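S.K.: Attaching a single structure in structure tokens format; questions to follow.
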Amino acid sequence: MNKKLKIEGNSVILSINPKLYPLETIYSASYVFLDRAYVFLDGDPKKEILIILKPKEKINLEELGGEFFNELINYADYNARSKETKKIREIILQKALITNDPISQDSDEFDDLIKELEDDDEFSDDADKIIAPWEDNDTTKN
Amino acid sequence: MTQQKIKIILNSNFYDKRSIKEALKDYKGICTGKILNDKFDVELNSNEHIDNLEGEFCNYVLGLIKHR
């Protein structure tokens, strides 16, 4: 049996190294198990964290403990990636907000961009009178 | 009717006083309880037997910490 996993009565006690898994990750993994087991947190967050899982229904305790360790790896990876991509997510959000911001659309920069588009030959060549509202071109109307 | 008295020790490194107090308030219809000291020894008293009351209470406190 793994020394990080100890079975006592109808509970399984997991020993976790806080240097490997931060407290945030341990909390996240614990929340996943709230509907399947009673979760008790104990120990020293600087030396050794103990997770006591008492299943609500009769299940294999070793398997339950193993699943908890897997969930720890899952959340450790998720948190690491989340921190890695934080900057890019912020940039994407910022861009999205600026694009939809009416204030920034009123800015000189926005006006210059519109003027540039109007001056562009590709847009000024309106032989088919697409730019004019269709009501103005409608000859069938009385 | 059997009275139930449970003492739970919640490690102050992982559980916060505010969440425990809120949980005790929410559990008022089920049982009464109090924090006995700064190490968060919690005593729960109920008029009838409730299965795994301590486990349910601890999970509830954890749930509150999650939403904080």
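FYI, nothing fancy with the structure tokens labels: chains A, B, ... in order, residues from 1 per chain, ligands from 1 as they appear.
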Per DSSP on the backbone, what are the strand (DSSP E) residues of chain B, as an MDAnalysis selection string?

M.R.: chainID B and resid 4:9 32:35 41:46

S.K.: Near chain B, meaning an atom within 8 Å, which residues of chain A appear when counting only C-alpha atoms? Write them as a list in words.

M.R.: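 Result, ordered by chain then number: Tyr27, Tyr31, Leu34, Tyr38, Val39, Phe40, Leu41, Asp42, Gly43, Asp44 and Pro45 of chain A.
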
S.K.: Could you name the residues that touch range 20-36 of chain B at 8 Å or less, counting only C-alpha atoms, but leaving out those on the same chain fewer than 4 positions away, as a PyMOL selection string?

M.R.: chain B and resi 15-16+40-47+57+60-61+64

S.K.: Could you save those same residues with C-alpha atoms as a compact mmCIF listing (two decimals), in the first residue's frame?

M.R.:
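In the end it all went to part-v5.txt:
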```
# COMPACT_ATOMS: atom_id res chain seq x y z
CA TYR B 15 -11.26 26.53 7.94
CA ASP B 16 -12.13 30.13 8.71
CA PHE B 40 -12.25 25.90 16.18
CA ASP B 41 -13.55 23.11 18.36
CA VAL B 42 -17.20 23.12 17.35
CA GLU B 43 -19.94 21.55 19.39
CA LEU B 44 -23.18 20.57 17.67
CA ASN B 45 -26.33 19.61 19.58
CA SER B 46 -29.45 18.21 18.01
CA ASN B 47 -32.68 16.89 19.48
CA PHE B 57 -21.38 20.12 8.61
CA TYR B 60 -21.08 22.57 4.25
CA VAL B 61 -18.29 24.73 5.72
CA LEU B 64 -19.03 28.09 1.98
```

S.K.: As a ChimeraX atom specification, please: the residues near range 61-71 of chain A (cut-off 8 Å, only C-alpha atoms, same-chain neighbours under 5 positions excluded).

M.R.: /A:5,7,10-14,29-30,33,53,55

S.K.: Output N, CA and C atoms for every residue in the selection just made, as an mmCIF file, in the first residue's frame.

M.R.:
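Result went into out08.cif, see below:
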```
data_model
loop_
_atom_site.group_PDB
_atom_site.id
_atom_site.type_symbol
_atom_site.label_atom_id
_atom_site.label_comp_id
_atom_site.auth_asym_id
_atom_site.auth_seq_id
_atom_site.Cartn_x
_atom_site.Cartn_y
_atom_site.Cartn_z
ATOM 1 N N LEU A 5 -1.181 6.968 1.394
ATOM 2 C CA LEU A 5 -2.605 6.620 1.477
ATOM 3 C C LEU A 5 -2.809 5.581 2.576
ATOM 4 N N ILE A 7 -5.622 3.549 5.127
ATOM 5 C CA ILE A 7 -7.046 3.272 5.369
ATOM 6 C C ILE A 7 -7.271 3.033 6.861
ATOM 7 N N ASN A 10 -13.621 3.207 8.141
ATOM 8 C CA ASN A 10 -14.306 3.453 6.869
ATOM 9 C C ASN A 10 -13.870 4.779 6.237
ATOM 10 N N SER A 11 -12.628 5.178 6.563
ATOM 11 C CA SER A 11 -12.090 6.415 5.976
ATOM 12 C C SER A 11 -10.731 6.143 5.335
ATOM 13 N N VAL A 12 -10.382 7.012 4.423
ATOM 14 C CA VAL A 12 -9.046 6.922 3.834
ATOM 15 C C VAL A 12 -8.339 8.245 4.124
ATOM 16 N N ILE A 13 -7.096 8.140 4.605
ATOM 17 C CA ILE A 13 -6.332 9.341 4.962
ATOM 18 C C ILE A 13 -5.209 9.516 3.947
ATOM 19 N N LEU A 14 -5.191 10.683 3.337
ATOM 20 C CA LEU A 14 -4.187 10.959 2.315
ATOM 21 C C LEU A 14 -3.191 11.974 2.853
ATOM 22 N N ALA A 29 -9.600 20.228 -5.533
ATOM 23 C CA ALA A 29 -9.786 18.776 -5.616
ATOM 24 C C ALA A 29 -10.813 18.312 -4.579
ATOM 25 N N SER A 30 -10.775 18.936 -3.393
ATOM 26 C CA SER A 30 -11.708 18.556 -2.320
ATOM 27 C C SER A 30 -13.155 18.816 -2.730
ATOM 28 N N PHE A 33 -15.102 16.197 -4.513
ATOM 29 C CA PHE A 33 -15.511 15.001 -3.758
ATOM 30 C C PHE A 33 -16.637 15.252 -2.754
ATOM 31 N N LEU A 53 -11.008 11.287 3.862
ATOM 32 C CA LEU A 53 -12.217 11.085 3.040
ATOM 33 C C LEU A 53 -13.042 9.954 3.636
ATOM 34 N N PRO A 55 -16.341 8.060 2.663
ATOM 35 C CA PRO A 55 -17.347 7.973 1.600
ATOM 36 C C PRO A 55 -18.783 7.911 2.141
#
```

S.K.: How many Å lie between CA of Leu20 in chain A and CA of Lys6 in chain A, rounded to one decimal?

M.R.: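 Atom-to-atom, CA of Leu20 in chain A and CA of Lys6 in chain A are spaced 19.1 Å apart.
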
S.K.: Kindly indicate which residue among A:Thr85, A:Asn17, A:Asn79, A:Asn60 lies nearest to Glu48 in chain A, using only C-alpha atoms for the distances.

M.R.: A:Asn17

S.K.: Within range 28-61 of chain A, find each residue whose DSSP state, derived from the backbone, is helix (DSSP H, G or I), and express the selection as number ranges by chain.

M.R.: A: 28-32, 61

S.K.: May I ask for the distance between CA of Ala76 in chain A and CA of Arg36 in chain A, given in Å to one decimal place?

M.R.: 21.1 Å

S.K.: Have a look at CA of Lys47 in chain A and CA of Glu24 in chain A and let me know their distance in Å, one decimal.

M.R.: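 Computed distance, CA of Lys47 in chain A to CA of Glu24 in chain A, equals 15.5 Å.
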